[in-house]
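Chemist: Following this message is one structure expressed as structure tokens.
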Amino acid sequence: MPTTIVLNGESRAMTDGQTVAELLRELGLDPRQVAVERNREIVPRAQHGETVLADGDQLEVVTFVGGG
């Protein structure tokens with residue numbers, strides 16, 4: 001059964017058992033340049049590979065932009 005999450009306010013179907021790290025790869029994002037919040041809690045970068053997304057999870061992915 002597919003998993004559905006809400007990513008930055010939009011529903012997204014995913015494969016069961018997908019991790020935060022796999023999602024970031026699928027989105028083409030560099031994990032060193034983003035912050036991930038899952039259900040209003042920050043997911044530490046070191047835990048991206050072991051944090052499995054569940055049906056109904058709410059994710060916010062924010063990209064860091066350099067400048068000055």
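Residue numbers start at 1 in each chain; chains themselves are named A, B, ... in the order of the structure tokens; ligands are numbered from 1 in the order shown.
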Hey, what's within 9 Å of range 32-37 of chain A if we count only C-alpha atoms and toss same-chain stuff fewer than 2 positions away? As a PDB file with all heavy atoms, in the first residue's frame, please?
Modeler:
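Once written, result_8.pdb looks like this:
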ATOM      1  N   VAL A  20      14.055   9.527   4.885  1.00  0.00           N
ATOM      2  CA  VAL A  20      14.277  10.943   4.568  1.00  0.00           C
ATOM      3  C   VAL A  20      15.410  11.066   3.543  1.00  0.00           C
ATOM      4  O   VAL A  20      15.293  11.811   2.569  1.00  0.00           O
ATOM      5  CB  VAL A  20      14.592  11.747   5.853  1.00  0.00           C
ATOM      6  CG1 VAL A  20      15.064  13.150   5.504  1.00  0.00           C
ATOM      7  CG2 VAL A  20      13.377  11.797   6.769  1.00  0.00           C
ATOM      8  N   LEU A  24      15.205  12.830  -0.178  1.00  0.00           N
ATOM      9  CA  LEU A  24      16.064  13.938  -0.608  1.00  0.00           C
ATOM     10  C   LEU A  24      16.776  13.606  -1.912  1.00  0.00           C
ATOM     11  O   LEU A  24      16.872  14.457  -2.807  1.00  0.00           O
ATOM     12  CB  LEU A  24      17.073  14.295   0.482  1.00  0.00           C
ATOM     13  CG  LEU A  24      16.483  14.878   1.767  1.00  0.00           C
ATOM     14  CD1 LEU A  24      17.585  15.115   2.792  1.00  0.00           C
ATOM     15  CD2 LEU A  24      15.689  16.143   1.506  1.00  0.00           C
ATOM     16  N   LEU A  29      18.086  16.839  -3.965  1.00  0.00           N
ATOM     17  CA  LEU A  29      18.587  17.812  -2.992  1.00  0.00           C
ATOM     18  C   LEU A  29      19.819  17.282  -2.273  1.00  0.00           C
ATOM     19  O   LEU A  29      19.909  16.097  -1.952  1.00  0.00           O
ATOM     20  CB  LEU A  29      17.494  18.129  -1.966  1.00  0.00           C
ATOM     21  CG  LEU A  29      16.234  18.780  -2.535  1.00  0.00           C
ATOM     22  CD1 LEU A  29      15.166  18.899  -1.458  1.00  0.00           C
ATOM     23  CD2 LEU A  29      16.558  20.140  -3.118  1.00  0.00           C
ATOM     24  N   ASP A  30      20.755  18.174  -2.013  1.00  0.00           N
ATOM     25  CA  ASP A  30      21.960  17.844  -1.254  1.00  0.00           C
ATOM     26  C   ASP A  30      21.621  17.902   0.232  1.00  0.00           C
ATOM     27  O   ASP A  30      21.241  18.965   0.729  1.00  0.00           O
ATOM     28  CB  ASP A  30      23.058  18.854  -1.593  1.00  0.00           C
ATOM     29  CG  ASP A  30      24.381  18.546  -0.913  1.00  0.00           C
ATOM     30  OD1 ASP A  30      24.411  17.776   0.068  1.00  0.00           O
ATOM     31  OD2 ASP A  30      25.394  19.093  -1.382  1.00  0.00           O
ATOM     32  N   ASN A  39       6.828  16.345  11.148  1.00  0.00           N
ATOM     33  CA  ASN A  39       5.809  16.488  12.196  1.00  0.00           C
ATOM     34  C   ASN A  39       6.250  17.490  13.265  1.00  0.00           C
ATOM     35  O   ASN A  39       6.169  17.235  14.456  1.00  0.00           O
ATOM     36  CB  ASN A  39       5.462  15.129  12.801  1.00  0.00           C
ATOM     37  CG  ASN A  39       4.943  14.167  11.756  1.00  0.00           C
ATOM     38  OD1 ASN A  39       4.278  14.570  10.815  1.00  0.00           O
ATOM     39  ND2 ASN A  39       5.269  12.893  11.900  1.00  0.00           N
ATOM     40  N   ARG A  40       6.751  18.618  12.795  1.00  0.00           N
ATOM     41  CA  ARG A  40       7.162  19.758  13.628  1.00  0.00           C
ATOM     42  C   ARG A  40       8.423  19.516  14.464  1.00  0.00           C
ATOM     43  O   ARG A  40       8.707  20.249  15.398  1.00  0.00           O
ATOM     44  CB  ARG A  40       6.019  20.222  14.531  1.00  0.00           C
ATOM     45  CG  ARG A  40       4.798  20.657  13.752  1.00  0.00           C
ATOM     46  CD  ARG A  40       3.745  21.229  14.676  1.00  0.00           C
ATOM     47  NE  ARG A  40       2.552  21.554  13.938  1.00  0.00           N
ATOM     48  CZ  ARG A  40       2.268  22.747  13.437  1.00  0.00           C
ATOM     49  NH1 ARG A  40       3.099  23.738  13.597  1.00  0.00           N
ATOM     50  NH2 ARG A  40       1.154  22.952  12.786  1.00  0.00           N
ATOM     51  N   GLU A  41       9.193  18.479  14.117  1.00  0.00           N
ATOM     52  CA  GLU A  41      10.462  18.223  14.805  1.00  0.00           C
ATOM     53  C   GLU A  41      11.573  18.107  13.772  1.00  0.00           C
ATOM     54  O   GLU A  41      11.415  17.417  12.763  1.00  0.00           O
ATOM     55  CB  GLU A  41      10.393  16.928  15.615  1.00  0.00           C
ATOM     56  CG  GLU A  41       9.464  17.020  16.808  1.00  0.00           C
ATOM     57  CD  GLU A  41       9.520  15.785  17.688  1.00  0.00           C
ATOM     58  OE1 GLU A  41      10.486  15.002  17.582  1.00  0.00           O
ATOM     59  OE2 GLU A  41       8.582  15.617  18.476  1.00  0.00           O
ATOM     60  N   ILE A  42      12.694  18.767  14.036  1.00  0.00           N
ATOM     61  CA  ILE A  42      13.839  18.704  13.131  1.00  0.00           C
ATOM     62  C   ILE A  42      14.395  17.282  13.122  1.00  0.00           C
ATOM     63  O   ILE A  42      14.546  16.657  14.170  1.00  0.00           O
ATOM     64  CB  ILE A  42      14.955  19.687  13.584  1.00  0.00           C
ATOM     65  CG1 ILE A  42      14.457  21.129  13.496  1.00  0.00           C
ATOM     66  CG2 ILE A  42      16.236  19.500  12.774  1.00  0.00           C
ATOM     67  CD1 ILE A  42      14.211  21.633  12.097  1.00  0.00           C
ATOM     68  N   VAL A  43      14.689  16.777  11.923  1.00  0.00           N
ATOM     69  CA  VAL A  43      15.342  15.479  11.784  1.00  0.00           C
ATOM     70  C   VAL A  43      16.840  15.766  11.606  1.00  0.00           C
ATOM     71  O   VAL A  43      17.237  16.344  10.595  1.00  0.00           O
ATOM     72  CB  VAL A  43      14.812  14.702  10.557  1.00  0.00           C
ATOM     73  CG1 VAL A  43      15.539  13.368  10.420  1.00  0.00           C
ATOM     74  CG2 VAL A  43      13.311  14.506  10.650  1.00  0.00           C
ATOM     75  N   PRO A  44      17.670  15.388  12.595  1.00  0.00           N
ATOM     76  CA  PRO A  44      19.112  15.629  12.452  1.00  0.00           C
ATOM     77  C   PRO A  44      19.666  14.945  11.202  1.00  0.00           C
ATOM     78  O   PRO A  44      19.235  13.839  10.852  1.00  0.00           O
ATOM     79  CB  PRO A  44      19.706  15.001  13.720  1.00  0.00           C
ATOM     80  CG  PRO A  44      18.573  14.973  14.696  1.00  0.00           C
ATOM     81  CD  PRO A  44      17.338  14.760  13.861  1.00  0.00           C
ATOM     82  N   ARG A  45      20.589  15.595  10.534  1.00  0.00           N
ATOM     83  CA  ARG A  45      21.158  15.060   9.295  1.00  0.00           C
ATOM     84  C   ARG A  45      21.675  13.637   9.490  1.00  0.00           C
ATOM     85  O   ARG A  45      21.515  12.785   8.616  1.00  0.00           O
ATOM     86  CB  ARG A  45      22.285  15.979   8.808  1.00  0.00           C
ATOM     87  CG  ARG A  45      22.770  15.646   7.426  1.00  0.00           C
ATOM     88  CD  ARG A  45      23.787  16.651   6.889  1.00  0.00           C
ATOM     89  NE  ARG A  45      23.214  17.988   6.855  1.00  0.00           N
ATOM     90  CZ  ARG A  45      23.767  19.052   7.466  1.00  0.00           C
ATOM     91  NH1 ARG A  45      24.884  18.921   8.124  1.00  0.00           N
ATOM     92  NH2 ARG A  45      23.207  20.225   7.384  1.00  0.00           N
ATOM     93  N   HIS A  48      18.927  11.015   8.852  1.00  0.00           N
ATOM     94  CA  HIS A  48      18.159  10.986   7.602  1.00  0.00           C
ATOM     95  C   HIS A  48      18.051   9.573   7.033  1.00  0.00           C
ATOM     96  O   HIS A  48      17.006   9.185   6.529  1.00  0.00           O
ATOM     97  CB  HIS A  48      18.783  11.900   6.541  1.00  0.00           C
ATOM     98  CG  HIS A  48      18.558  13.356   6.800  1.00  0.00           C
ATOM     99  ND1 HIS A  48      19.021  14.318   5.942  1.00  0.00           N
ATOM    100  CD2 HIS A  48      17.926  14.016   7.800  1.00  0.00           C
ATOM    101  CE1 HIS A  48      18.684  15.524   6.399  1.00  0.00           C
ATOM    102  NE2 HIS A  48      18.026  15.355   7.534  1.00  0.00           N
ATOM    103  N   GLN A  58       3.982  14.898   8.022  1.00  0.00           N
ATOM    104  CA  GLN A  58       4.045  16.259   7.500  1.00  0.00           C
ATOM    105  C   GLN A  58       5.519  16.661   7.459  1.00  0.00           C
ATOM    106  O   GLN A  58       6.168  16.694   8.506  1.00  0.00           O
ATOM    107  CB  GLN A  58       3.298  17.218   8.434  1.00  0.00           C
ATOM    108  CG  GLN A  58       1.865  16.830   8.699  1.00  0.00           C
ATOM    109  CD  GLN A  58       0.907  17.461   7.717  1.00  0.00           C
ATOM    110  OE1 GLN A  58       1.146  18.543   7.218  1.00  0.00           O
ATOM    111  NE2 GLN A  58      -0.180  16.778   7.453  1.00  0.00           N
ATOM    112  N   LEU A  59       6.032  16.938   6.269  1.00  0.00           N
ATOM    113  CA  LEU A  59       7.430  17.318   6.125  1.00  0.00           C
ATOM    114  C   LEU A  59       7.561  18.722   5.568  1.00  0.00           C
ATOM    115  O   LEU A  59       6.796  19.125   4.688  1.00  0.00           O
ATOM    116  CB  LEU A  59       8.160  16.372   5.166  1.00  0.00           C
ATOM    117  CG  LEU A  59       8.775  15.161   5.837  1.00  0.00           C
ATOM    118  CD1 LEU A  59       7.730  14.114   6.069  1.00  0.00           C
ATOM    119  CD2 LEU A  59       9.907  14.628   5.012  1.00  0.00           C
ATOM    120  N   GLU A  60       8.540  19.427   6.088  1.00  0.00           N
ATOM    121  CA  GLU A  60       8.954  20.715   5.530  1.00  0.00           C
ATOM    122  C   GLU A  60      10.434  20.566   5.222  1.00  0.00           C
ATOM    123  O   GLU A  60      11.220  20.164   6.088  1.00  0.00           O
ATOM    124  CB  GLU A  60       8.742  21.853   6.524  1.00  0.00           C
ATOM    125  CG  GLU A  60       7.296  22.150   6.841  1.00  0.00           C
ATOM    126  CD  GLU A  60       6.512  22.732   5.663  1.00  0.00           C
ATOM    127  OE1 GLU A  60       7.112  23.460   4.844  1.00  0.00           O
ATOM    128  OE2 GLU A  60       5.314  22.432   5.559  1.00  0.00           O
ATOM    129  N   VAL A  61      10.815  20.851   3.986  1.00  0.00           N
ATOM    130  CA  VAL A  61      12.217  20.804   3.580  1.00  0.00           C
ATOM    131  C   VAL A  61      12.597  22.217   3.166  1.00  0.00           C
ATOM    132  O   VAL A  61      11.990  22.805   2.283  1.00  0.00           O
ATOM    133  CB  VAL A  61      12.437  19.806   2.417  1.00  0.00           C
ATOM    134  CG1 VAL A  61      13.884  19.837   1.962  1.00  0.00           C
ATOM    135  CG2 VAL A  61      12.030  18.398   2.834  1.00  0.00           C
ATOM    136  N   VAL A  62      13.606  22.745   3.844  1.00  0.00           N
ATOM    137  CA  VAL A  62      14.064  24.112   3.596  1.00  0.00           C
ATOM    138  C   VAL A  62      15.487  24.061   3.066  1.00  0.00           C
ATOM    139  O   VAL A  62      16.352  23.418   3.671  1.00  0.00           O
ATOM    140  CB  VAL A  62      13.994  24.953   4.897  1.00  0.00           C
ATOM    141  CG1 VAL A  62      14.466  26.370   4.638  1.00  0.00           C
ATOM    142  CG2 VAL A  62      12.586  24.945   5.466  1.00  0.00           C
ATOM    143  N   THR A  63      15.732  24.744   1.965  1.00  0.00           N
ATOM    144  CA  THR A  63      17.067  24.795   1.358  1.00  0.00           C
ATOM    145  C   THR A  63      17.792  26.035   1.855  1.00  0.00           C
ATOM    146  O   THR A  63      17.234  27.124   1.870  1.00  0.00           O
ATOM    147  CB  THR A  63      16.947  24.842  -0.178  1.00  0.00           C
ATOM    148  OG1 THR A  63      16.184  23.719  -0.612  1.00  0.00           O
ATOM    149  CG2 THR A  63      18.310  24.798  -0.830  1.00  0.00           C
ATOM    150  N   PHE A  64      19.058  25.837   2.254  1.00  0.00           N
ATOM    151  CA  PHE A  64      19.885  26.960   2.680  1.00  0.00           C
ATOM    152  C   PHE A  64      20.408  27.674   1.443  1.00  0.00           C
ATOM    153  O   PHE A  64      20.815  27.035   0.484  1.00  0.00           O
ATOM    154  CB  PHE A  64      21.081  26.481   3.501  1.00  0.00           C
ATOM    155  CG  PHE A  64      20.691  25.732   4.745  1.00  0.00           C
ATOM    156  CD1 PHE A  64      21.176  24.454   4.971  1.00  0.00           C
ATOM    157  CD2 PHE A  64      19.849  26.299   5.686  1.00  0.00           C
ATOM    158  CE1 PHE A  64      20.825  23.767   6.131  1.00  0.00           C
ATOM    159  CE2 PHE A  64      19.496  25.614   6.831  1.00  0.00           C
ATOM    160  CZ  PHE A  64      19.987  24.341   7.051  1.00  0.00           C
ATOM    161  N   VAL A  65      20.377  28.994   1.465  1.00  0.00           N
ATOM    162  CA  VAL A  65      20.877  29.794   0.347  1.00  0.00           C
ATOM    163  C   VAL A  65      21.996  30.673   0.881  1.00  0.00           C
ATOM    164  O   VAL A  65      21.801  31.407   1.855  1.00  0.00           O
ATOM    165  CB  VAL A  65      19.755  30.661  -0.258  1.00  0.00           C
ATOM    166  CG1 VAL A  65      20.289  31.524  -1.378  1.00  0.00           C
ATOM    167  CG2 VAL A  65      18.616  29.783  -0.754  1.00  0.00           C
TER     168      VAL A  65
END
Chemist: Could you pull out the strand (DSSP E or B) residues of chain A from DSSP and send them as a list in words?
Modeler: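 DSSP-assigned strand (DSSP E or B) residues in chain A: Thr3, Thr4, Ile5, Val6, Leu7, Glu10, Ser11, Arg12, Ala13, Met14, Thr19, Val34, Ala35, Val36, Glu37, Arg38, Glu41, Ile42, Val52, Gln58, Leu59, Glu60, Val61, Val62 and Thr63 of chain A.
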Chemist: Which polymer residues have any atom within 10 Å of an atom of Gly49 in chain A, counting only C-alpha atoms, with same-chain residues fewer than 5 positions away left out, as a ChimeraX atom specification?
Modeler: /A:18-23
Chemist: Where in chain A does DSSP assign helix (DSSP H, G or I), given as a PyMOL selection string?
Modeler: chain A and resi 20-27+31-33+45-47
Chemist: Using only C-alpha atoms for the distances, tell me which of A:Glu50, A:Arg38, A:Arg25, A:Gly66 is nearest to Leu7 in chain A.
Modeler: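 With only C-alpha atoms as the atom set, the closest residue is A:Arg38.
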